[in-house]
$ cat upload.csv   # CSV, C-alpha atoms
chain,number,residue,atom,x,y,z
Z,556,MET,CA,19.1,-12.0,-8.6
Z,557,PHE,CA,15.4,-12.3,-8.7
Z,558,GLY,CA,15.1,-11.8,-4.9
Z,559,TRP,CA,14.0,-8.2,-5.3
Z,560,PHE,CA,11.1,-9.3,-7.6
Z,561,GLN,CA,10.1,-12.2,-5.4
Z,562,LYS,CA,10.0,-10.2,-2.2
Z,563,ARG,CA,6.8,-8.3,-2.8
Z,564,ARG,CA,5.9,-5.4,-0.7
Z,565,SER,CA,3.8,-6.8,2.1
Z,566,LYS,CA,1.1,-4.2,1.8
Z,567,GLU,CA,0.3,-5.3,-1.7
Z,568,SER,CA,-0.3,-8.8,-0.5
Z,569,LEU,CA,-2.4,-7.4,2.4
Z,570,LYS,CA,-4.5,-5.3,0.1
Z,571,GLU,CA,-5.3,-8.3,-2.1
Z,572,ARG,CA,-6.1,-10.5,0.8
Z,573,LEU,CA,-8.4,-7.8,2.3
Z,574,LYS,CA,-10.2,-7.2,-0.9
Z,575,LEU,CA,-10.9,-10.9,-1.3
Z,576,VAL,CA,-12.0,-11.5,2.3
Z,577,LEU,CA,-14.2,-8.4,2.3
Z,578,SER,CA,-15.9,-9.6,-0.9
Z,579,TYR,CA,-16.9,-12.8,0.9
Z,580,ASP,CA,-17.8,-11.0,4.0
Z,581,ARG,CA,-20.0,-8.5,2.2
Z,582,ALA,CA,-21.7,-11.2,0.1
Z,583,LYS,CA,-22.2,-13.2,3.3
Z,584,LEU,CA,-20.7,-16.3,1.7
Z,585,THR,CA,-17.8,-18.5,2.9
Z,586,PRO,CA,-15.0,-19.4,0.5
Z,587,GLY,CA,-16.1,-23.1,0.9
Z,588,LYS,CA,-19.7,-22.2,-0.2
Z,589,MET,CA,-18.1,-20.3,-3.1
Z,590,GLU,CA,-16.3,-23.5,-4.2
Z,591,GLU,CA,-19.5,-25.4,-4.0
Z,592,LEU,CA,-21.2,-22.8,-6.2
Z,593,LYS,CA,-18.4,-23.0,-8.6
Z,594,GLY,CA,-18.6,-26.8,-8.7
Z,595,GLU,CA,-22.3,-26.8,-9.4
Z,596,LEU,CA,-22.0,-24.1,-12.0
Z,597,LEU,CA,-19.3,-26.1,-13.8
Z,598,GLY,CA,-21.6,-29.1,-13.6
Z,599,VAL,CA,-24.3,-27.2,-15.4
Z,600,ILE,CA,-21.9,-25.9,-18.0
Z,601,ALA,CA,-20.4,-29.3,-18.7
Z,602,LYS,CA,-23.9,-30.7,-19.4
Z,603,TYR,CA,-24.2,-28.3,-22.3
Z,604,PHE,CA,-20.6,-28.1,-23.4
Z,605,PRO,CA,-19.2,-31.5,-22.6
Z,606,SER,CA,-15.8,-31.0,-24.3
Z,607,GLU,CA,-14.9,-27.7,-22.6
Z,608,ALA,CA,-11.8,-27.5,-20.4
Z,609,ALA,CA,-12.5,-26.2,-16.9
Z,610,ASP,CA,-10.3,-23.1,-17.0
Z,611,TYR,CA,-13.3,-21.1,-15.7
Z,612,ASP,CA,-13.0,-18.2,-13.3
Z,613,VAL,CA,-15.8,-17.4,-10.9
Z,614,ARG,CA,-15.3,-14.6,-8.4
Z,615,PHE,CA,-16.8,-11.5,-6.7
Z,616,GLU,CA,-16.0,-8.1,-8.0
Z,617,GLN,CA,-16.8,-4.7,-6.5
Z,618,HIS,CA,-18.5,-2.5,-9.0
Z,619,GLY,CA,-18.9,0.9,-7.3
Z,620,ASP,CA,-21.4,0.2,-4.5
Z,621,ARG,CA,-22.4,-3.2,-5.7
Z,622,MET,CA,-21.0,-6.6,-5.4
Z,623,VAL,CA,-21.1,-8.5,-8.7
Z,624,LEU,CA,-20.6,-12.3,-9.1
Z,625,MET,CA,-18.4,-12.6,-12.2
Z,626,ALA,CA,-18.3,-15.9,-14.1
Z,627,ASN,CA,-15.8,-16.0,-16.9
Z,628,LEU,CA,-16.5,-19.1,-18.9
Z,629,PRO,CA,-14.6,-19.1,-22.2
Z,630,LEU,CA,-15.9,-21.6,-24.8
Z,631,LYS,CA,-13.1,-23.3,-26.6
Z,632,ASP,CA,-14.7,-24.4,-29.8
Z,633,GLN,CA,-16.8,-21.3,-30.4
Z,634,LYS,CA,-14.0,-19.0,-31.3
Z,635,LYS,CA,-14.8,-18.7,-35.0
Z,636,LYS,CA,-18.5,-18.4,-34.7
Z,637,PRO,CA,-19.8,-14.9,-35.5
Z,638,THR,CA,-21.9,-14.5,-32.4
Z,639,SER,CA,-21.1,-15.5,-28.9
Z,640,ARG,CA,-23.5,-17.9,-27.3
Z,641,ARG,CA,-23.3,-17.2,-23.6
F,1310,MET,CA,-20.5,17.4,10.4
F,1311,ASN,CA,-24.1,18.3,11.2
F,1312,ALA,CA,-24.3,15.5,13.8
F,1313,LYS,CA,-24.5,16.6,17.3
F,1314,ALA,CA,-24.3,13.1,18.7
F,1315,ILE,CA,-21.3,11.3,17.3
F,1316,VAL,CA,-20.4,7.7,18.1
F,1317,VAL,CA,-16.7,6.6,18.1
F,1318,THR,CA,-16.4,3.0,17.0
F,1319,SER,CA,-14.2,0.4,15.3
F,1320,GLY,CA,-15.4,-3.1,15.8
F,1321,LYS,CA,-11.9,-4.3,16.8
F,1322,GLY,CA,-10.6,-3.4,20.3
F,1323,GLY,CA,-7.4,-1.6,21.0
F,1324,VAL,CA,-7.3,0.6,17.9
F,1325,GLY,CA,-7.8,3.9,19.7
F,1326,LYS,CA,-11.5,4.5,20.3
F,1327,THR,CA,-11.2,5.8,23.8
F,1328,THR,CA,-8.1,7.8,23.0
F,1329,THR,CA,-9.9,9.4,20.1
F,1330,THR,CA,-13.0,10.1,22.1
F,1331,ALA,CA,-11.0,11.8,24.8
F,1332,ASN,CA,-8.8,13.8,22.5
F,1333,VAL,CA,-11.5,14.9,20.0
F,1334,GLY,CA,-13.9,15.7,22.8
F,1335,ALA,CA,-11.3,17.8,24.6
F,1336,ALA,CA,-10.3,19.5,21.4
F,1337,LEU,CA,-13.9,20.4,20.5
F,1338,ALA,CA,-14.4,21.8,24.0
F,1339,LYS,CA,-11.2,23.8,23.7
F,1340,LEU,CA,-12.7,25.3,20.5
F,1341,GLY,CA,-15.6,26.6,22.6
F,1342,GLU,CA,-18.2,23.8,22.3
F,1343,LYS,CA,-20.0,22.5,25.3
F,1344,VAL,CA,-19.1,18.8,25.0
F,1345,CYS,CA,-20.2,15.7,26.9
F,1346,VAL,CA,-18.2,12.5,26.3
F,1347,ILE,CA,-20.0,9.3,27.2
F,1348,ASP,CA,-18.4,6.0,28.0
F,1349,THR,CA,-20.8,3.2,27.0
F,1350,ASP,CA,-18.3,0.3,27.7
F,1351,VAL,CA,-20.2,-1.0,30.7
F,1352,GLY,CA,-18.1,-3.4,32.8
F,1353,LEU,CA,-14.8,-2.2,31.1
F,1354,ARG,CA,-14.9,1.5,31.6
F,1355,ASN,CA,-11.7,3.4,30.7
F,1356,LEU,CA,-12.6,6.8,29.4
F,1357,ASP,CA,-12.4,8.1,33.0
F,1358,VAL,CA,-8.8,7.0,33.5
F,1359,VAL,CA,-7.7,8.1,30.0
F,1360,MET,CA,-9.0,11.6,30.8
F,1361,GLY,CA,-7.7,11.6,34.4
F,1362,LEU,CA,-11.1,11.9,35.9
F,1363,GLU,CA,-11.3,8.5,37.6
F,1364,GLY,CA,-11.1,9.9,41.1
F,1365,ARG,CA,-14.3,11.9,40.6
F,1366,VAL,CA,-16.7,9.3,39.4
F,1367,VAL,CA,-19.7,9.1,41.8
F,1368,PHE,CA,-22.6,8.2,39.6
F,1369,ASP,CA,-22.5,6.5,36.2
F,1370,LEU,CA,-24.5,5.8,33.1
F,1371,ILE,CA,-26.3,2.8,34.6
F,1372,ASP,CA,-27.2,4.9,37.7
F,1373,VAL,CA,-28.8,7.4,35.3
F,1374,PHE,CA,-30.6,4.7,33.3
F,1375,GLU,CA,-31.9,3.1,36.5
F,1376,GLY,CA,-33.0,6.4,38.0
F,1377,ARG,CA,-30.6,6.3,41.0
F,1378,CYS,CA,-29.5,9.9,40.3
F,1379,LYS,CA,-30.3,12.8,38.1
F,1380,LEU,CA,-28.5,13.1,34.8
F,1381,ARG,CA,-26.8,16.3,36.0
F,1382,GLN,CA,-25.4,14.6,39.1
F,1383,ALA,CA,-23.6,12.0,36.9
F,1384,LEU,CA,-21.9,14.6,34.7
F,1385,ILE,CA,-18.2,15.1,35.7
F,1386,ARG,CA,-16.9,18.5,34.8
F,1387,ASP,CA,-13.3,18.6,33.5
F,1388,LYS,CA,-11.2,21.1,35.4
F,1389,ARG,CA,-8.8,21.8,32.5
F,1390,VAL,CA,-11.6,22.9,30.0
F,1391,ASP,CA,-14.7,24.0,31.7
F,1392,THR,CA,-17.0,23.2,28.8
F,1393,LEU,CA,-16.0,19.5,28.9
F,1394,TYR,CA,-18.0,16.9,30.8
F,1395,LEU,CA,-17.7,13.1,31.2
F,1396,LEU,CA,-20.5,10.6,31.7
F,1397,ALA,CA,-18.7,7.5,32.9
F,1398,ALA,CA,-19.7,3.9,32.2
F,1399,SER,CA,-20.5,1.6,35.1
F,1400,GLN,CA,-18.1,-1.1,36.2
F,1401,THR,CA,-20.9,-3.6,36.9
F,1402,LYS,CA,-21.2,-6.8,34.9
F,1403,ASP,CA,-25.0,-6.3,34.7
F,1404,LYS,CA,-25.9,-4.7,31.3
F,1405,SER,CA,-29.6,-5.5,31.5
F,1406,SER,CA,-30.6,-1.8,31.8
F,1407,LEU,CA,-28.6,-0.8,28.7
F,1408,SER,CA,-31.3,0.0,26.3
F,1409,GLU,CA,-31.4,2.0,23.1
F,1410,SER,CA,-34.4,4.0,24.2
F,1411,ARG,CA,-32.7,5.0,27.5
F,1412,MET,CA,-29.6,6.0,25.6
F,1413,GLN,CA,-31.5,8.0,23.0
F,1414,GLU,CA,-33.4,9.8,25.8
F,1415,THR,CA,-30.2,10.6,27.7
F,1416,VAL,CA,-28.5,12.1,24.6
F,1417,ARG,CA,-31.7,14.0,23.8
F,1418,LEU,CA,-31.7,15.5,27.4
F,1419,LEU,CA,-28.1,16.5,27.1
F,1420,LEU,CA,-28.6,18.3,23.8
F,1421,GLU,CA,-32.0,19.8,24.5
F,1422,GLU,CA,-32.2,20.4,28.2
F,1423,GLU,CA,-28.6,20.6,29.4
F,1424,GLY,CA,-27.4,22.8,26.6
F,1425,PHE,CA,-24.7,20.7,25.2
F,1426,ASP,CA,-23.4,21.4,21.7
F,1427,ARG,CA,-22.0,18.0,21.1
F,1428,VAL,CA,-22.1,14.5,22.6
F,1429,VAL,CA,-19.3,12.2,21.7
F,1430,ILE,CA,-20.1,8.5,22.5
F,1431,ASP,CA,-17.3,6.0,23.1
F,1432,SER,CA,-18.5,2.7,21.9
F,1433,PRO,CA,-17.3,-0.7,23.3
F,1434,ALA,CA,-15.5,-3.0,20.9
F,1435,GLY,CA,-17.5,-5.7,19.2
F,1436,ILE,CA,-20.9,-5.6,17.4
F,1437,GLU,CA,-23.1,-6.6,20.2
F,1438,THR,CA,-25.6,-4.8,22.5
F,1439,GLY,CA,-23.0,-2.3,23.8
F,1440,PHE,CA,-22.1,-1.1,20.3
F,1441,GLN,CA,-25.8,-1.1,19.2
F,1442,THR,CA,-26.8,1.0,22.2
F,1443,ALA,CA,-24.0,3.5,21.6
F,1444,ALA,CA,-24.8,3.8,17.9
F,1445,SER,CA,-28.6,4.1,18.5
F,1446,ALA,CA,-28.3,7.6,19.8
F,1447,ALA,CA,-25.9,8.9,17.2
F,1448,THR,CA,-26.5,10.7,13.9
F,1449,GLY,CA,-22.8,10.7,13.0
F,1450,ALA,CA,-19.9,8.2,13.4
F,1451,LEU,CA,-16.2,8.3,13.6
F,1452,VAL,CA,-14.8,4.9,12.6
F,1453,VAL,CA,-11.3,4.4,13.9
F,1454,VAL,CA,-9.2,2.1,11.9
F,1455,ASN,CA,-5.5,1.0,12.1
F,1456,PRO,CA,-3.8,0.2,8.8
F,1457,GLU,CA,-3.7,-3.6,9.4
F,1458,VAL,CA,-5.7,-6.6,8.4
F,1459,SER,CA,-8.0,-7.3,11.3
F,1460,SER,CA,-8.8,-3.7,12.0
F,1461,VAL,CA,-9.7,-3.0,8.4
F,1462,ARG,CA,-11.9,-6.0,8.2
F,1463,ASP,CA,-13.7,-5.2,11.4
F,1464,ALA,CA,-14.1,-1.6,10.3
F,1465,ASP,CA,-15.8,-2.8,7.1
F,1466,ARG,CA,-18.3,-4.8,9.2
F,1467,ILE,CA,-19.0,-1.8,11.5
F,1468,ILE,CA,-19.5,0.5,8.5
F,1469,GLY,CA,-22.1,-2.0,7.1
F,1470,LEU,CA,-23.9,-1.9,10.5
F,1471,LEU,CA,-23.8,1.9,10.7
F,1472,GLU,CA,-25.2,2.1,7.2
F,1473,SER,CA,-28.0,-0.3,8.0
F,1474,ARG,CA,-28.8,2.0,10.9
F,1475,GLU,CA,-29.0,4.8,8.4
F,1476,ILE,CA,-26.5,7.0,10.3
F,1477,PRO,CA,-26.1,9.8,7.8
F,1478,GLU,CA,-22.5,10.9,8.5
F,1479,VAL,CA,-19.9,8.2,8.7
F,1480,ARG,CA,-16.3,9.3,8.7
F,1481,LEU,CA,-13.0,7.5,8.9
F,1482,ILE,CA,-10.0,8.1,11.1
F,1483,VAL,CA,-6.9,6.3,10.1
F,1484,ASN,CA,-5.1,5.9,13.4
F,1485,ARG,CA,-1.5,4.8,14.3
F,1486,LEU,CA,-0.1,5.3,10.8
F,1487,ARG,CA,3.6,4.6,10.7
F,1488,PRO,CA,5.1,6.7,7.9
F,1489,ALA,CA,8.4,4.8,7.7
F,1490,MET,CA,6.6,1.6,7.2
F,1491,VAL,CA,4.3,3.1,4.6
F,1492,ARG,CA,7.4,4.3,2.7
F,1493,ARG,CA,8.8,0.8,2.7
F,1494,GLY,CA,5.6,-0.6,1.3
F,1495,ASP,CA,5.0,-2.6,4.5
F,1496,MET,CA,1.9,-0.7,5.7
F,1497,LEU,CA,-1.3,0.3,3.9
F,1498,GLU,CA,-1.4,3.9,2.9
F,1499,VAL,CA,-4.4,6.1,3.7
F,1500,ASP,CA,-5.7,5.9,0.2
F,1501,ASP,CA,-5.5,2.1,0.2
F,1502,VAL,CA,-7.7,2.1,3.3
F,1503,LEU,CA,-10.1,4.6,1.7
F,1504,GLU,CA,-10.2,2.6,-1.5
F,1505,ILE,CA,-11.0,-0.6,0.4
F,1506,LEU,CA,-13.6,0.8,2.8
F,1507,GLY,CA,-15.2,3.5,0.6
F,1508,VAL,CA,-15.9,6.0,3.4
F,1509,LYS,CA,-15.0,9.7,3.7
F,1510,LEU,CA,-11.8,10.5,5.6
F,1511,ILE,CA,-11.8,12.9,8.5
F,1512,GLY,CA,-8.4,12.3,10.1
F,1513,ILE,CA,-5.0,10.8,9.8
F,1514,VAL,CA,-3.3,10.2,13.1
F,1515,PRO,CA,0.4,9.1,13.2
F,1516,GLU,CA,1.7,6.6,15.7
F,1517,ASP,CA,3.0,8.8,18.5
F,1518,GLU,CA,4.6,7.9,21.8
F,1519,ALA,CA,3.3,11.1,23.3
F,1520,ILE,CA,-0.2,9.6,23.3
F,1521,LEU,CA,0.9,6.8,25.6
F,1522,ILE,CA,2.7,9.3,27.8
F,1523,SER,CA,-0.2,11.7,28.1
F,1524,THR,CA,-2.5,8.7,28.8
F,1525,ASN,CA,-0.1,7.6,31.6
F,1526,ILE,CA,-0.7,10.9,33.4
F,1527,GLY,CA,-4.4,11.2,32.4
F,1528,ASN,CA,-4.1,14.3,30.4
F,1529,PRO,CA,-5.6,14.3,26.9
F,1530,ALA,CA,-2.7,15.1,24.5
F,1531,SER,CA,-4.9,17.4,22.4
F,1532,LEU,CA,-5.0,19.8,25.3
F,1533,GLU,CA,-1.2,20.2,25.3
F,1534,GLN,CA,0.2,23.3,23.8
F,1535,GLY,CA,3.1,23.7,21.4
F,1536,THR,CA,3.3,20.1,20.1
F,1537,ALA,CA,4.9,19.4,16.7
F,1538,LYS,CA,2.8,19.8,13.6
F,1539,THR,CA,3.2,16.1,12.8
F,1540,SER,CA,2.1,15.0,16.2
F,1541,ALA,CA,-1.0,12.9,17.0
F,1542,SER,CA,-2.3,15.6,19.3
F,1543,GLN,CA,-2.3,18.1,16.4
F,1544,ALA,CA,-4.0,15.4,14.3
F,1545,PHE,CA,-6.8,15.2,16.9
F,1546,ARG,CA,-7.2,18.9,17.0
F,1547,ASP,CA,-7.5,19.0,13.2
F,1548,ILE,CA,-10.2,16.3,13.4
F,1549,ALA,CA,-12.1,18.5,15.9
F,1550,ARG,CA,-11.9,21.4,13.5
F,1551,ARG,CA,-13.1,19.3,10.5
F,1552,ILE,CA,-16.0,18.1,12.6
F,1553,ARG,CA,-16.9,21.8,12.9
F,1554,ASP,CA,-16.7,22.0,9.0
F,1555,GLU,CA,-13.5,24.0,9.0
F,1556,GLU,CA,-11.2,23.3,6.1
F,1557,VAL,CA,-8.0,21.9,7.5
F,1558,PRO,CA,-5.2,20.5,5.3
F,1559,TYR,CA,-4.1,17.0,6.1
F,1560,LEU,CA,-0.8,16.3,7.8
F,1561,VAL,CA,2.2,16.2,5.5
F,1562,ILE,CA,4.5,13.9,7.2
F,1563,ASP,CA,7.2,13.7,4.6
F,1564,GLU,CA,6.7,16.2,1.8
F,1565,ARG,CA,9.9,15.3,-0.1
F,1566,ARG,CA,8.8,11.8,-0.6
F,1567,GLY,CA,5.4,13.1,-1.3
F,1568,PHE,CA,3.3,10.2,-0.2
F,1569,PHE,CA,0.9,12.5,1.6
F,1570,SER,CA,0.9,15.3,-1.0
F,1571,GLY,CA,-1.5,13.5,-3.4
F,1572,LEU,CA,-3.8,12.9,-0.5
F,1573,ARG,CA,-3.6,16.5,0.5
F,1574,LYS,CA,-4.7,17.5,-3.0
F,1575,LEU,CA,-7.5,15.0,-3.0
F,1576,PHE,CA,-8.8,15.7,0.5
F,1577,GLY,CA,-7.4,19.0,1.5
F,1578,GLY,CA,-10.3,20.9,2.9
F,1579,ALA,CA,-12.8,18.3,1.9
$ encode --input "upload.csv" --output "structure tokens"
Amino acid sequence: MFGWFQKRRSKESLKERLKLVLSYDRAKLTPGKMEELKGELLGVIAKYFPSEAADYDVRFEQHGDRMVLMANLPLKDQKKKPTSRR
Amino acid sequence: MNAKAIVVTSGKGGVGKTTTTANVGAALAKLGEKVCVIDTDVGLRNLDVVMGLEGRVVFDLIDVFEGRCKLRQALIRDKRVDTLYLLAASQTKDKSSLSESRMQETVRLLLEEEGFDRVVIDSPAGIETGFQTAASAATGALVVVNPEVSSVRDADRIIGLLESREIPEVRLIVNRLRPAMVRRGDMLEVDDVLEILGVKLIGIVPEDEAILISTNIGNPASLEQGTAKTSASQAFRDIARRIRDEEVPYLVIDERRGFFSGLRKLFGGA
């Protein structure tokens, strides 16, 4: 019944894969190095926010002509505070 | 395009560089331009056979570079269109005399001394010396891409290299598009490719058996008369006209389903 939903159109998957691989190519960074960067970044964050869960997202995004390294690091216990401390 | 020297390149092999060079070159000549197509794929020359001129090669690009003949002696005149000329690549393995300055000087002589309106340079695959030499003499580029993973990735790399060479006019040709597969969602559409690569479009060429057949007999398809509007040969003729800054609407392969109509609105005449 869900077969139709599961069988994604192959070009959508190709498009996603291409965007990802080209972001690494353009940044001249390998996915392995990216994982390393992510690991080190999380290490630094954990030093200052020891209780945080590691549902962090670090990736490249294309913003017009520029590649941007996006790090989305939500802080669990800071929700109710009036100003964000990023 | 303002560029009088245009390199045809792709990074990946087998996507249609040589076919594009032969067909666009022939179509430009048919429109009245004096055109020289140059094969820079030293050691693996093929533009001569694709154009059906293999029997007439006496001197080649390396002979010109090494001074064994005059430039004019190495130009092979096409019998079908008398403003079309070929400068063949050499079949030798030795590429040591390939140099950017010799290439630039040869192209300059063709444009300034020999009276050519346009030089179309067929680049070898890859990003090494051959490609660099071909690109060094160009002020415009046609990047040929097939709508599949490795071709798009390599095209992105090539576009980066062309930009670092500060080639002002870089245009994209999406070659071997299969409309039925696009409709099924199993092939990238032209606007997907444009979105990913971020370069201006100049041509959409459908997959077409007629291209292989015309290559078999060594007659560029764009020279044939009375072909269907949706044929690859028509697409190559359209590219030639767009190079000459004519406004030519893009192919509408299946109007009812409309997958090209949006594109036509976006790029028609651009």
$ interface_residues --input "upload.csv" --of "chain F" --to "chain Z" --cutoff "6 Å" --atoms "only C-alpha atoms" --output "VMD selection string"
chain F and resid 1494 to 1497
$ residues_around --input "upload.csv" --residues "Tyr1394 of chain F" --least-positions-apart "2" --cutoff "7 Å" --atoms "only C-alpha atoms" --output "VMD selection string"
chain F and resid 1344 to 1346 1384 to 1387 1392 1396
$ write_last_selection --input "upload.csv" --atoms "C-alpha atoms" --output "PDB file, in the frame of the given file"
ATOM      1  CA  VAL F1344     -19.100  18.800  25.000  1.00  0.00           C
ATOM      2  CA  CYS F1345     -20.200  15.700  26.900  1.00  0.00           C
ATOM      3  CA  VAL F1346     -18.200  12.500  26.300  1.00  0.00           C
ATOM      4  CA  LEU F1384     -21.900  14.600  34.700  1.00  0.00           C
ATOM      5  CA  ILE F1385     -18.200  15.100  35.700  1.00  0.00           C
ATOM      6  CA  ARG F1386     -16.900  18.500  34.800  1.00  0.00           C
ATOM      7  CA  ASP F1387     -13.300  18.600  33.500  1.00  0.00           C
ATOM      8  CA  THR F1392     -17.000  23.200  28.800  1.00  0.00           C
ATOM      9  CA  LEU F1396     -20.500  10.600  31.700  1.00  0.00           C
TER      10      LEU F1396
END
$ residues_near_point --input "upload.csv" --point "(-20.0, 14.3, 17.6)" --cutoff "7 Å" --atoms "only C-alpha atoms" --output "VMD selection string"
chain F and resid 1312 to 1316 1427 to 1429 1449
$ write_last_selection --input "upload.csv" --atoms "C-alpha atoms" --output "JSON list (two decimals), keeping the file's coordinate frame"
[["chain", "number", "residue", "atom", "x", "y", "z"],
["F", 1312, "ALA", "CA", -24.30, 15.50, 13.80],
["F", 1313, "LYS", "CA", -24.50, 16.60, 17.30],
["F", 1314, "ALA", "CA", -24.30, 13.10, 18.70],
["F", 1315, "ILE", "CA", -21.30, 11.30, 17.30],
["F", 1316, "VAL", "CA", -20.40, 7.70, 18.10],
["F", 1427, "ARG", "CA", -22.00, 18.00, 21.10],
["F", 1428, "VAL", "CA", -22.10, 14.50, 22.60],
["F", 1429, "VAL", "CA", -19.30, 12.20, 21.70],
["F", 1449, "GLY", "CA", -22.80, 10.70, 13.00]]
$ residues_around --input "upload.csv" --residues "Gly1341 of chain F" --least-positions-apart "3" --cutoff "12 Å" --atoms "all atoms listed in the file" --output "list in words"
Gly1334, Ala1335, Ala1336, Leu1337, Ala1338, Val1344, Val1390, Asp1391, Thr1392, Leu1393, Phe1425, Asp1426, Arg1427, Ala1549, Arg1550 and Arg1553 of chain F
$ closest_residue --input "upload.csv" --among "Z:Leu596, Z:Asp612, Z:Thr585, Z:Tyr579" --to "Pro629 of chain Z" --atoms "only C-alpha atoms"
Z:Asp612
